[in-house]
$ cat data.txt   # compact mmCIF, C-alpha atoms
# COMPACT_ATOMS: atom_id res chain seq x y z
CA MET D 12 80.82 111.56 94.69
CA ARG D 13 81.30 114.71 92.66
CA THR D 14 84.65 113.83 91.13
CA SER D 15 83.59 113.23 87.52
CA PHE D 16 80.60 113.27 85.23
CA SER D 17 78.36 110.24 84.84
CA SER D 18 76.52 108.81 81.86
CA LEU D 19 74.32 106.56 83.98
CA ASP D 20 70.56 106.95 83.79
CA THR D 21 68.80 108.02 86.97
CA ALA D 22 65.17 107.53 87.99
CA ASN D 23 63.00 110.64 88.13
CA SER D 24 60.95 109.53 91.12
CA VAL D 25 62.49 109.14 94.56
CA ILE D 26 60.96 107.10 97.35
CA ASN D 27 61.75 108.73 100.68
CA GLY D 28 60.71 106.47 103.49
CA HIS D 29 56.96 106.35 103.03
CA ARG D 30 56.60 109.02 100.35
CA LEU D 31 56.52 108.81 96.58
CA SER D 32 57.30 112.13 94.89
CA SER D 33 55.53 112.17 91.54
CA ILE D 34 56.64 114.62 88.87
CA ALA D 35 54.55 115.43 85.83
CA SER D 36 56.24 117.18 82.93
CA SER D 37 54.63 119.60 80.51
CA ARG D 38 55.16 120.20 76.82
CA LYS D 39 55.59 123.91 77.33
CA PRO D 40 56.30 126.05 80.41
CA PHE D 41 53.34 127.39 82.34
CA SER D 42 53.25 130.80 83.97
CA ILE D 43 52.48 131.02 87.66
CA ALA D 44 53.23 132.53 91.03
CA PHE D 45 51.75 134.49 93.85
CA PRO D 46 52.76 136.66 96.82
CA GLN D 47 51.63 136.76 100.41
CA SER D 48 50.36 140.02 101.83
CA LYS D 49 50.58 140.99 105.48
CA ARG D 50 48.00 139.10 107.50
CA THR D 51 45.37 141.28 109.09
CA THR D 52 42.37 138.97 109.52
CA ARG D 53 41.69 135.30 109.90
CA ALA D 54 40.10 133.56 106.96
CA SER D 55 38.58 130.14 106.42
CA CYS D 56 41.02 127.45 105.39
CA VAL D 57 39.87 127.26 101.78
CA LEU D 58 37.10 128.61 99.63
CA SER D 59 34.05 126.44 99.11
CA MET D 60 34.13 125.20 95.52
CA SER D 61 31.91 122.89 93.52
CA LYS D 62 33.14 119.66 92.01
CA LYS D 63 32.03 120.52 88.47
CA ASP D 64 35.00 120.98 86.12
CA GLY D 65 37.38 121.31 89.07
CA LEU D 66 41.04 120.46 88.48
CA THR D 67 42.71 117.69 90.44
CA TYR D 68 46.31 116.64 90.95
CA LYS D 69 45.55 113.58 88.84
CA ASP D 70 44.33 115.82 86.00
CA SER D 71 47.77 117.44 85.99
CA GLY D 72 49.48 114.08 85.67
CA VAL D 73 50.21 113.15 89.30
CA ASP D 74 48.31 110.15 90.68
CA ILE D 75 48.69 110.04 94.47
CA ASP D 76 46.72 106.80 94.69
CA ALA D 77 49.09 105.08 92.25
CA GLY D 78 52.01 106.32 94.32
CA SER D 79 50.45 104.89 97.46
CA ASP D 80 49.92 101.57 95.71
CA LEU D 81 53.59 101.44 94.72
CA ILE D 82 54.64 102.20 98.30
CA ARG D 83 52.52 99.28 99.55
CA ARG D 84 54.23 97.00 97.05
CA ILE D 85 57.69 98.24 98.04
CA ALA D 86 56.83 97.68 101.71
CA LYS D 87 56.36 93.99 100.95
CA MET D 88 59.93 93.83 99.65
CA ALA D 89 61.48 96.30 102.11
CA PRO D 90 59.37 96.20 105.29
CA GLU D 91 61.58 98.68 107.15
CA ILE D 92 60.37 101.68 105.13
CA GLY D 93 57.94 104.07 106.75
CA GLY D 94 57.68 107.51 108.26
CA PHE D 95 59.42 110.53 106.80
CA SER D 96 62.96 109.11 106.85
CA GLY D 97 65.00 105.94 107.23
CA ARG D 98 67.01 105.02 110.34
CA ILE D 99 70.14 102.90 110.82
CA PRO D 100 71.18 101.92 114.37
CA LEU D 101 74.65 103.07 115.40
CA GLY D 102 75.57 102.48 119.03
CA ASP D 103 73.27 104.56 121.25
CA SER D 104 72.09 106.59 118.26
CA TYR D 105 70.41 106.30 114.88
CA LEU D 106 71.76 107.59 111.62
CA VAL D 107 68.78 109.15 109.85
CA LEU D 108 68.52 109.57 106.09
CA GLY D 109 66.08 111.51 103.95
CA MET D 110 65.97 111.94 100.17
CA ASP D 111 63.87 114.22 98.00
CA GLY D 112 63.83 116.53 95.00
CA VAL D 113 62.38 119.88 93.98
CA GLY D 114 59.85 118.56 91.47
CA THR D 115 58.39 120.70 88.71
CA LYS D 116 59.15 123.88 90.63
CA LEU D 117 62.25 123.63 88.46
CA LYS D 118 60.05 124.38 85.43
CA LEU D 119 59.44 127.80 86.95
CA ALA D 120 63.15 128.24 87.61
CA PHE D 121 63.79 127.67 83.91
CA GLU D 122 61.07 130.16 82.97
CA THR D 123 61.92 132.88 85.49
CA GLY D 124 65.68 132.46 85.47
CA ILE D 125 65.66 132.23 89.27
CA HIS D 126 68.14 129.48 90.06
CA GLU D 127 69.72 130.79 93.26
CA THR D 128 67.08 129.45 95.65
CA VAL D 129 66.13 126.01 94.29
CA GLY D 130 69.17 124.61 96.12
CA ILE D 131 67.63 125.87 99.37
CA ASP D 132 64.42 124.05 98.41
CA LEU D 133 66.40 120.87 97.82
CA VAL D 134 68.01 120.92 101.25
CA ALA D 135 64.78 121.94 102.97
CA MET D 136 62.78 119.03 101.63
CA SER D 137 65.17 116.46 103.09
CA VAL D 138 66.26 118.10 106.36
CA ASN D 139 62.64 118.93 107.21
CA ASP D 140 61.89 115.23 106.79
CA ILE D 141 64.66 113.96 109.04
CA VAL D 142 63.97 116.51 111.78
CA THR D 143 60.48 115.00 112.24
CA CYS D 144 62.11 112.23 114.30
CA GLY D 145 64.33 114.70 116.17
CA ALA D 146 67.46 114.25 114.06
CA ARG D 147 69.98 117.05 113.58
CA PRO D 148 71.58 117.21 110.11
CA LEU D 149 75.19 116.12 109.72
CA GLY D 150 75.83 116.18 105.97
CA PHE D 151 74.19 116.56 102.59
CA LEU D 152 74.71 114.98 99.15
CA ASP D 153 73.24 116.20 95.87
CA TYR D 154 72.63 115.00 92.32
CA PHE D 155 72.68 117.56 89.49
CA GLY D 156 71.72 116.09 86.11
CA THR D 157 71.60 118.02 82.84
CA SER D 158 71.89 117.55 79.08
CA HIS D 159 74.71 120.07 78.71
CA LEU D 160 76.62 121.46 81.67
CA ASP D 161 76.35 125.22 82.06
CA VAL D 162 79.00 125.81 84.70
CA ASP D 163 77.80 129.29 85.71
CA LEU D 164 74.20 128.11 86.14
CA ALA D 165 75.25 124.99 88.05
CA GLU D 166 77.33 127.14 90.38
CA LYS D 167 74.26 129.24 91.22
CA VAL D 168 72.23 126.14 92.01
CA ILE D 169 74.92 124.55 94.17
CA LYS D 170 75.51 127.85 95.99
CA GLY D 171 71.84 127.59 97.05
CA ILE D 172 72.49 124.08 98.37
CA VAL D 173 75.39 125.39 100.43
CA ASP D 174 73.17 128.20 101.76
CA GLY D 175 70.47 125.69 102.68
CA CYS D 176 72.96 123.56 104.58
CA GLN D 177 74.03 126.63 106.55
CA GLN D 178 70.42 127.58 107.33
CA SER D 179 69.71 124.09 108.64
CA GLY D 180 72.78 123.99 110.87
CA CYS D 181 74.05 120.98 108.92
CA GLU D 182 77.28 120.20 110.79
CA TYR D 183 79.47 119.20 107.85
CA GLY D 184 77.45 120.91 105.11
CA LEU D 185 77.59 119.75 101.51
CA ILE D 186 80.01 116.82 101.59
CA GLY D 187 79.67 115.43 98.05
CA GLY D 188 77.40 114.68 95.16
CA GLU D 189 77.07 113.74 91.51
CA THR D 190 77.16 115.91 88.40
CA ALA D 191 75.69 113.99 85.45
CA GLU D 192 75.88 115.36 81.91
CA MET D 193 73.58 113.26 79.72
CA PRO D 194 72.97 114.64 76.21
CA GLY D 195 69.59 113.67 74.81
CA PHE D 196 68.15 112.69 78.18
CA TYR D 197 67.16 116.08 79.60
CA ALA D 198 65.65 118.91 77.55
CA GLU D 199 68.19 121.49 76.43
CA GLY D 200 68.77 124.14 79.09
CA GLU D 201 67.04 122.12 81.83
CA TYR D 202 68.33 120.13 84.80
CA ASP D 203 67.09 117.95 87.64
CA LEU D 204 68.00 117.94 91.32
CA VAL D 205 67.92 115.24 93.98
CA GLY D 206 69.34 115.51 97.49
CA CYS D 207 70.03 113.25 100.45
CA ALA D 208 70.41 114.44 104.04
CA LEU D 209 72.18 112.48 106.76
CA GLY D 210 71.38 113.21 110.39
CA ILE D 211 71.71 111.69 113.84
CA VAL D 212 69.52 111.30 116.91
CA LYS D 213 69.96 109.46 120.21
CA LYS D 214 67.85 106.32 120.43
CA ASP D 215 66.23 107.50 123.65
CA SER D 216 65.34 110.83 122.03
CA VAL D 217 63.64 109.56 118.87
CA ILE D 218 60.24 111.12 118.19
CA ASP D 219 58.15 108.38 116.62
CA GLY D 220 54.55 109.19 117.53
CA LYS D 221 54.19 106.29 119.99
CA ASN D 222 53.43 108.66 122.87
CA ILE D 223 50.67 110.52 121.04
CA MET D 224 47.31 110.30 122.78
CA PRO D 225 43.84 111.85 122.51
CA GLY D 226 43.90 115.47 123.61
CA ASN D 227 47.37 116.16 122.24
CA VAL D 228 47.45 119.49 120.42
CA LEU D 229 48.39 120.12 116.78
CA ILE D 230 50.68 123.14 116.39
CA GLY D 231 51.18 124.47 112.87
CA LEU D 232 54.28 126.34 111.72
CA PRO D 233 53.71 128.63 108.71
CA SER D 234 55.03 127.94 105.23
CA SER D 235 56.49 130.49 102.82
CA GLY D 236 54.15 129.40 100.04
CA LEU D 237 53.88 126.21 98.04
CA HIS D 238 57.33 125.08 99.18
CA SER D 239 58.24 122.34 96.66
CA ASN D 240 55.02 120.39 96.15
CA GLY D 241 51.93 120.70 94.01
CA PHE D 242 53.52 122.58 91.13
CA SER D 243 52.21 120.24 88.45
CA LEU D 244 48.67 121.14 89.50
CA VAL D 245 49.45 124.81 90.05
CA ARG D 246 51.13 125.30 86.69
CA ARG D 247 48.01 123.85 85.09
CA VAL D 248 45.83 126.27 87.05
CA VAL D 249 47.91 129.28 86.05
CA ALA D 250 47.96 128.22 82.41
CA GLN D 251 44.18 128.55 82.28
CA SER D 252 43.92 131.59 84.57
CA GLY D 253 45.14 134.22 82.15
CA PHE D 254 47.78 135.44 84.62
CA SER D 255 51.48 135.65 83.84
CA LEU D 256 54.46 135.32 86.13
CA LYS D 257 54.90 139.09 86.09
CA ASP D 258 51.33 139.84 87.18
CA GLN D 259 50.56 140.72 90.76
CA LEU D 260 48.66 138.11 92.70
CA PRO D 261 45.15 139.26 93.61
CA GLY D 262 45.29 140.10 97.30
CA GLY D 263 49.08 140.03 97.34
CA SER D 264 51.89 142.53 97.06
CA ILE D 265 54.47 140.80 94.84
CA SER D 266 54.41 139.12 91.45
CA LEU D 267 53.16 135.60 90.92
CA GLY D 268 56.62 134.49 89.88
CA GLU D 269 58.29 135.87 92.99
CA ALA D 270 55.75 134.26 95.27
CA LEU D 271 55.92 130.87 93.59
CA MET D 272 59.70 130.82 93.71
CA ALA D 273 59.87 131.70 97.42
CA PRO D 274 62.27 129.15 98.93
CA THR D 275 60.97 126.42 101.22
CA VAL D 276 61.19 127.21 104.93
CA ILE D 277 63.89 125.22 106.73
CA TYR D 278 62.38 124.40 110.14
CA VAL D 279 65.31 122.50 111.65
CA LYS D 280 66.71 125.01 114.15
CA GLN D 281 63.28 126.16 115.37
CA VAL D 282 61.95 122.61 115.71
CA LEU D 283 65.02 121.26 117.51
CA ASP D 284 64.81 124.14 119.97
CA ILE D 285 61.15 123.34 120.68
CA ILE D 286 61.93 119.62 120.99
CA ASN D 287 64.68 120.27 123.52
CA LYS D 288 62.14 121.92 125.84
CA GLY D 289 60.00 118.76 125.93
CA GLY D 290 56.45 117.70 125.21
CA VAL D 291 56.75 116.96 121.48
CA ASN D 292 55.28 113.55 120.64
CA GLY D 293 55.17 113.63 116.85
CA MET D 294 55.74 115.75 113.76
CA ALA D 295 54.49 115.77 110.18
CA HIS D 296 56.21 117.58 107.32
CA ILE D 297 53.33 118.83 105.15
CA THR D 298 54.41 118.11 101.60
CA GLY D 299 52.74 116.03 98.89
CA GLY D 300 49.60 114.58 100.42
CA GLY D 301 48.84 117.75 102.38
CA PHE D 302 47.20 117.44 105.80
CA THR D 303 44.99 114.53 104.80
CA ASP D 304 47.76 112.05 104.04
CA ASN D 305 50.71 113.32 106.08
CA ILE D 306 49.27 113.79 109.57
CA PRO D 307 48.00 110.19 109.86
CA ARG D 308 51.52 108.95 109.15
CA VAL D 309 52.60 109.95 112.66
CA LEU D 310 49.48 108.86 114.55
CA PRO D 311 49.18 105.49 116.31
CA ASP D 312 46.44 103.11 115.17
CA GLY D 313 43.03 104.13 116.42
CA LEU D 314 43.79 107.84 116.55
CA GLY D 315 42.80 110.62 114.19
CA ALA D 316 42.98 114.39 114.07
CA VAL D 317 40.62 117.35 113.82
CA ILE D 318 41.83 120.45 111.95
CA HIS D 319 40.21 123.80 112.72
CA THR D 320 40.17 125.52 109.35
CA ASP D 321 39.74 129.01 110.82
CA ALA D 322 42.84 128.76 113.03
CA TRP D 323 45.12 130.57 110.58
CA GLU D 324 44.80 132.82 107.56
CA VAL D 325 45.43 131.00 104.31
CA PRO D 326 47.87 132.97 102.10
CA PRO D 327 46.41 134.54 98.93
CA LEU D 328 48.16 132.15 96.59
CA PHE D 329 46.11 129.17 97.78
CA ASN D 330 42.85 131.05 97.31
CA PHE D 331 44.12 131.99 93.84
CA ILE D 332 44.76 128.33 93.01
CA GLN D 333 41.37 127.22 94.23
CA LYS D 334 39.47 130.01 92.52
CA TYR D 335 41.09 129.75 89.09
CA GLY D 336 41.36 125.96 89.12
CA ASN D 337 37.97 125.40 90.75
CA VAL D 338 39.78 122.93 93.00
CA GLU D 339 37.71 121.14 95.61
CA ASP D 340 38.40 121.61 99.30
CA SER D 341 39.34 117.93 99.67
CA GLU D 342 41.81 118.16 96.79
CA MET D 343 43.41 121.31 98.22
CA ARG D 344 43.84 119.62 101.61
CA ARG D 345 45.36 116.50 100.07
CA THR D 346 47.72 118.28 97.67
CA LEU D 347 48.96 121.57 99.17
CA ASN D 348 50.18 122.82 102.55
CA LEU D 349 47.64 125.70 102.68
CA GLY D 350 50.11 127.89 104.57
CA ILE D 351 51.25 125.33 107.18
CA GLY D 352 54.51 123.55 106.38
CA MET D 353 55.13 121.62 109.60
CA VAL D 354 52.71 120.17 112.16
CA MET D 355 53.88 119.30 115.67
CA VAL D 356 51.82 116.99 117.90
CA VAL D 357 52.45 118.13 121.47
CA THR D 358 51.11 117.81 125.00
CA PRO D 359 48.67 120.49 126.18
CA GLU D 360 51.38 121.85 128.48
CA ALA D 361 53.88 122.13 125.63
CA ALA D 362 51.23 123.80 123.49
CA LEU D 363 50.79 126.54 126.09
CA ARG D 364 54.54 127.10 126.17
CA ILE D 365 54.90 127.17 122.38
CA LEU D 366 51.97 129.52 121.86
CA GLY D 367 53.26 131.73 124.66
CA GLU D 368 56.62 132.02 122.93
CA ALA D 369 54.79 132.82 119.70
CA ASP D 370 52.80 135.57 121.46
CA ASN D 371 56.10 137.01 122.68
CA GLY D 372 57.26 137.32 119.08
CA ASN D 373 59.83 134.51 119.13
CA TYR D 374 58.23 132.92 116.07
CA VAL D 375 54.82 132.33 114.46
CA ALA D 376 52.80 129.27 115.44
CA TYR D 377 49.13 128.35 115.42
CA ARG D 378 46.99 125.93 117.40
CA ILE D 379 45.32 124.21 114.44
CA GLY D 380 43.65 121.17 115.98
CA GLN D 381 43.88 118.17 118.27
CA VAL D 382 44.19 114.40 118.35
CA ILE D 383 41.00 112.39 118.80
CA ASN D 384 39.91 108.78 118.93
CA GLY D 385 39.14 107.62 115.42
CA GLU D 386 40.92 107.47 112.08
CA GLY D 387 42.07 109.97 109.49
CA VAL D 388 41.76 113.76 109.44
CA THR D 389 38.51 115.69 109.72
CA TYR D 390 38.00 119.41 109.15
CA HIS D 391 35.82 121.77 111.17

$ encode --input "data.txt" --output "structure tokens"
Amino acid sequence: MRTSFSSLDTANSVINGHRLSSIASSRKPFSIAFPQSKRTTRASCVLSMSKKDGLTYKDSGVDIDAGSDLIRRIAKMAPEIGGFSGRIPLGDSYLVLGMDGVGTKLKLAFETGIHETVGIDLVAMSVNDIVTCGARPLGFLDYFGTSHLDVDLAEKVIKGIVDGCQQSGCEYGLIGGETAEMPGFYAEGEYDLVGCALGIVKKDSVIDGKNIMPGNVLIGLPSSGLHSNGFSLVRRVVAQSGFSLKDQLPGGSISLGEALMAPTVIYVKQVLDIINKGGVNGMAHITGGGFTDNIPRVLPDGLGAVIHTDAWEVPPLFNFIQKYGNVEDSEMRRTLNLGIGMVMVVTPEAALRILGEADNGNYVAYRIGQVINGEGVTYH
């Protein structure tokens, strides 16, 4: 708990259920960012790029396949892991836990001096995970590690965590944490963040994907940008693009830095409201692994998904990344959210209701695909 400083070492990678969050550091800060302009037309999901000289997540230091291999090994020792969160039975309910970090988006915080919103990112990454099973957040814990404690800066970061808890409707908010001052471990002036969300859901209300069947509809909820994944790749792209954080994104209306630092959307209240109206069979939080790796995590064996790549307009920043990094379509779809941060698998009847509410201006949602017999995710 946050009652004193700690000199204990802490791992930089956090396994959250079935996800490994890989973080690649850089020797010097990269410049990057991008804004989203008002949508006026529908565009294809990603540009068509050749494989020659194209950047990959692995090129930037993050090996998704190695992460998947580690998860398989952990599953042999701890077979209960899986999904987007962990559950502990408690009477007629489950306590649900999710843990995550902000990754190398923090590198941009150090470069831009924008520290007020990374706490929102931290909360979002965990509460968006636990809500995929229908859990409502109860409390949040954080870890703030640094080489030398700057009290004013730390206060800004933690204020963002408190704001994120409020946005998510977290019942008890920030209830504790750890402040670790470790000289010589972190670079001077830098810090790391890790958070853990605790939620609860009735056992008979758990959303676990078991009721998903062919013909179920995929509903996509829009992201605010990159959220908190893919920054190791994106910083590499920007470094070779010639753009700076202060430059305007081509096709956008704000600076690259402002767009990149846009806080992660917290979907909890919207998703719980949709769940309460019925027809939701599964949900996937689109983080590291993109559509390709995250959607199959909620599908029963023998089922796959088709994504219609013209169903929504991809924000300018993703086209920027693909153009200046020459990133392949498959790599984009396996690394970034492409403008969709949460996917809900719903019955056709629920899809009509959700899209009707979206047409009425209640929120933005897209019909992005459907469940089919087969395996994996295909793109049309």

$ atom_distance --input "data.txt" --atom1 "atom CA of D:Lys334" --atom2 "atom CA of D:Ile277"
28.7 Å

$ closest_residue --input "data.txt" --among "D:Thr346, D:Asn227, D:Asn139, D:Thr128" --to "D:Ile172" --atoms "all atoms listed in the file"
D:Thr128

$ closest_residue --input "data.txt" --among "D:Val228, D:Leu237, D:Leu366, D:Leu149" --to "D:Leu185" --atoms "only C-alpha atoms"
D:Leu149

$ residues_near_point --input "data.txt" --point "(38.3, 111.1, 113.0)" --cutoff "8 Å" --atoms "all atoms listed in the file" --output "PyMOL selection string"
chain D and resi 314-317+383-389

$ atom_distance --input "data.txt" --atom1 "atom CA of D:Asp203" --atom2 "atom CA of D:Thr115"
9.2 Å

$ atom_distance --input "data.txt" --atom1 "atom CA of D:Pro233" --atom2 "atom CA of D:Arg147"
20.6 Å

$ closest_residue --input "data.txt" --among "D:Asn373, D:Thr190, D:Ser158, D:Thr275" --to "D:Leu204" --atoms "only C-alpha atoms"
D:Thr190

$ closest_residue --input "data.txt" --among "D:Leu244, D:Leu256, D:Met294, D:Val162" --to "D:Ala270" --atoms "all atoms listed in the file"
D:Leu256

$ closest_residue --input "data.txt" --among "D:Gly180, D:Gly336, D:Pro311, D:Pro225" --to "D:Val248" --atoms "all atoms listed in the file"
D:Gly336

$ closest_residue --input "data.txt" --among "D:Gln251, D:Ser216, D:Thr298, D:Thr123" --to "D:His238" --atoms "all atoms listed in the file"
D:Thr298

$ residues_around --input "data.txt" --residues "D:Ile131" --least-positions-apart "4" --cutoff "12 Å" --atoms "only C-alpha atoms" --output "mmCIF file with C-alpha atoms, keeping the file's coordinate frame"
data_model
loop_
_atom_site.group_PDB
_atom_site.id
_atom_site.type_symbol
_atom_site.label_atom_id
_atom_site.label_comp_id
_atom_site.auth_asym_id
_atom_site.auth_seq_id
_atom_site.Cartn_x
_atom_site.Cartn_y
_atom_site.Cartn_z
ATOM 1 C CA GLY D 112 63.830 116.530 95.000
ATOM 2 C CA VAL D 113 62.380 119.880 93.980
ATOM 3 C CA HIS D 126 68.140 129.480 90.060
ATOM 4 C CA GLU D 127 69.720 130.790 93.260
ATOM 5 C CA ALA D 135 64.780 121.940 102.970
ATOM 6 C CA MET D 136 62.780 119.030 101.630
ATOM 7 C CA SER D 137 65.170 116.460 103.090
ATOM 8 C CA VAL D 138 66.260 118.100 106.360
ATOM 9 C CA ASN D 139 62.640 118.930 107.210
ATOM 10 C CA PHE D 151 74.190 116.560 102.590
ATOM 11 C CA ASP D 153 73.240 116.200 95.870
ATOM 12 C CA LYS D 167 74.260 129.240 91.220
ATOM 13 C CA VAL D 168 72.230 126.140 92.010
ATOM 14 C CA ILE D 169 74.920 124.550 94.170
ATOM 15 C CA LYS D 170 75.510 127.850 95.990
ATOM 16 C CA GLY D 171 71.840 127.590 97.050
ATOM 17 C CA ILE D 172 72.490 124.080 98.370
ATOM 18 C CA VAL D 173 75.390 125.390 100.430
ATOM 19 C CA ASP D 174 73.170 128.200 101.760
ATOM 20 C CA GLY D 175 70.470 125.690 102.680
ATOM 21 C CA CYS D 176 72.960 123.560 104.580
ATOM 22 C CA GLN D 177 74.030 126.630 106.550
ATOM 23 C CA GLN D 178 70.420 127.580 107.330
ATOM 24 C CA SER D 179 69.710 124.090 108.640
ATOM 25 C CA LEU D 185 77.590 119.750 101.510
ATOM 26 C CA LEU D 204 68.000 117.940 91.320
ATOM 27 C CA VAL D 205 67.920 115.240 93.980
ATOM 28 C CA GLY D 206 69.340 115.510 97.490
ATOM 29 C CA HIS D 238 57.330 125.080 99.180
ATOM 30 C CA SER D 239 58.240 122.340 96.660
ATOM 31 C CA MET D 272 59.700 130.820 93.710
ATOM 32 C CA ALA D 273 59.870 131.700 97.420
ATOM 33 C CA PRO D 274 62.270 129.150 98.930
ATOM 34 C CA THR D 275 60.970 126.420 101.220
ATOM 35 C CA VAL D 276 61.190 127.210 104.930
ATOM 36 C CA ILE D 277 63.890 125.220 106.730
#

$ axis_aligned_box --input "data.txt" --around "stretch 341-346 of chain D" --padding-each-side "5 Å" --output "JSON"
{"center_x": 43.5, "center_y": 118.9, "center_z": 99.2, "size_x": 18.4, "size_y": 14.8, "size_z": 14.8}

$ closest_atom_pairs --input "data.txt" --of "stretch 190-296 of chain D" --to "stretch 379-382 of chain D" --cutoff "10 Å" --atoms "all atoms listed in the file" --output "JSON lines"
{"residue": "D:Ile223", "atom": "CA", "partner": "D:Val382", "partner_atom": "CA", "distance": 8.0}
{"residue": "D:Met224", "atom": "CA", "partner": "D:Val382", "partner_atom": "CA", "distance": 6.8}
{"residue": "D:Pro225", "atom": "CA", "partner": "D:Val382", "partner_atom": "CA", "distance": 4.9}
{"residue": "D:Gly226", "atom": "CA", "partner": "D:Val382", "partner_atom": "CA", "distance": 5.4}
{"residue": "D:Asn227", "atom": "CA", "partner": "D:Val382", "partner_atom": "CA", "distance": 5.3}
{"residue": "D:Val228", "atom": "CA", "partner": "D:Gln381", "partner_atom": "CA", "distance": 4.4}
{"residue": "D:Leu229", "atom": "CA", "partner": "D:Gly380", "partner_atom": "CA", "distance": 4.9}
{"residue": "D:Ile230", "atom": "CA", "partner": "D:Ile379", "partner_atom": "CA", "distance": 5.8}
{"residue": "D:Gly231", "atom": "CA", "partner": "D:Ile379", "partner_atom": "CA", "distance": 6.1}
{"residue": "D:Leu232", "atom": "CA", "partner": "D:Ile379", "partner_atom": "CA", "distance": 9.6}

$ residues_around --input "data.txt" --residues "D:Leu101" --least-positions-apart "3" --cutoff "10 Å" --atoms "all atoms listed in the file" --output "list in words"
Arg98, Ser104, Tyr105, Leu106, Ile211, Val212, Lys213 and Lys214 of chain D

$ residues_around --input "data.txt" --residues "D:Leu260" --least-positions-apart "2" --cutoff "12 Å" --atoms "all atoms listed in the file" --output "PyMOL selection string"
chain D and resi 43-48+249+252-258+262-271+326-332+335

$ residues_near_point --input "data.txt" --point "(37.7, 120.9, 110.1)" --cutoff "7 Å" --atoms "only C-alpha atoms" --output "list in words"
Val317, Ile318, His319, Thr320, Thr389, Tyr390 and His391 of chain D

$ write_last_selection --input "data.txt" --atoms "C-alpha atoms" --output "PDB file, in the coordinates of the input"
ATOM      1  CA  VAL D 317      40.620 117.350 113.820  1.00  0.00           C
ATOM      2  CA  ILE D 318      41.830 120.450 111.950  1.00  0.00           C
ATOM      3  CA  HIS D 319      40.210 123.800 112.720  1.00  0.00           C
ATOM      4  CA  THR D 320      40.170 125.520 109.350  1.00  0.00           C
ATOM      5  CA  THR D 389      38.510 115.690 109.720  1.00  0.00           C
ATOM      6  CA  TYR D 390      38.000 119.410 109.150  1.00  0.00           C
ATOM      7  CA  HIS D 391      35.820 121.770 111.170  1.00  0.00           C
TER       8      HIS D 391
END

$ build_atoms --input "data.txt" --residues "stretch 292-301 of chain D" --atoms "N, CA, C and O atoms" --output "CSV table (one decimal), in the coordinates of the input"
chain,number,residue,atom,x,y,z
D,292,ASN,N,55.5,115.0,120.8
D,292,ASN,CA,55.3,113.6,120.6
D,292,ASN,C,55.3,113.1,119.2
D,292,ASN,O,55.4,111.9,118.9
D,293,GLY,N,55.2,114.0,118.3
D,293,GLY,CA,55.2,113.6,116.8
D,293,GLY,C,55.2,114.9,116.0
D,293,GLY,O,54.9,116.0,116.4
D,294,MET,N,55.7,114.7,114.7
D,294,MET,CA,55.7,115.8,113.8
D,294,MET,C,55.4,115.3,112.4
D,294,MET,O,55.8,114.1,112.0
D,295,ALA,N,54.8,116.1,111.6
D,295,ALA,CA,54.5,115.8,110.2
D,295,ALA,C,54.9,116.9,109.3
D,295,ALA,O,54.5,118.1,109.5
D,296,HIS,N,55.8,116.6,108.3
D,296,HIS,CA,56.2,117.6,107.3
D,296,HIS,C,55.1,117.6,106.2
D,296,HIS,O,54.8,116.6,105.6
D,297,ILE,N,54.5,118.7,106.1
D,297,ILE,CA,53.3,118.8,105.2
D,297,ILE,C,53.8,119.1,103.7
D,297,ILE,O,54.0,120.3,103.3
D,298,THR,N,54.0,118.0,103.0
D,298,THR,CA,54.4,118.1,101.6
D,298,THR,C,53.3,117.5,100.7
D,298,THR,O,52.2,117.8,100.9
D,299,GLY,N,53.7,116.7,99.7
D,299,GLY,CA,52.7,116.0,98.9
D,299,GLY,C,51.8,115.1,99.7
D,299,GLY,O,52.3,114.4,100.6
D,300,GLY,N,50.5,115.3,99.6
D,300,GLY,CA,49.6,114.6,100.4
D,300,GLY,C,48.9,115.5,101.4
D,300,GLY,O,47.9,115.2,102.0
D,301,GLY,N,49.5,116.7,101.5
D,301,GLY,CA,48.8,117.8,102.4
D,301,GLY,C,48.6,117.3,103.8
D,301,GLY,O,49.3,116.4,104.3
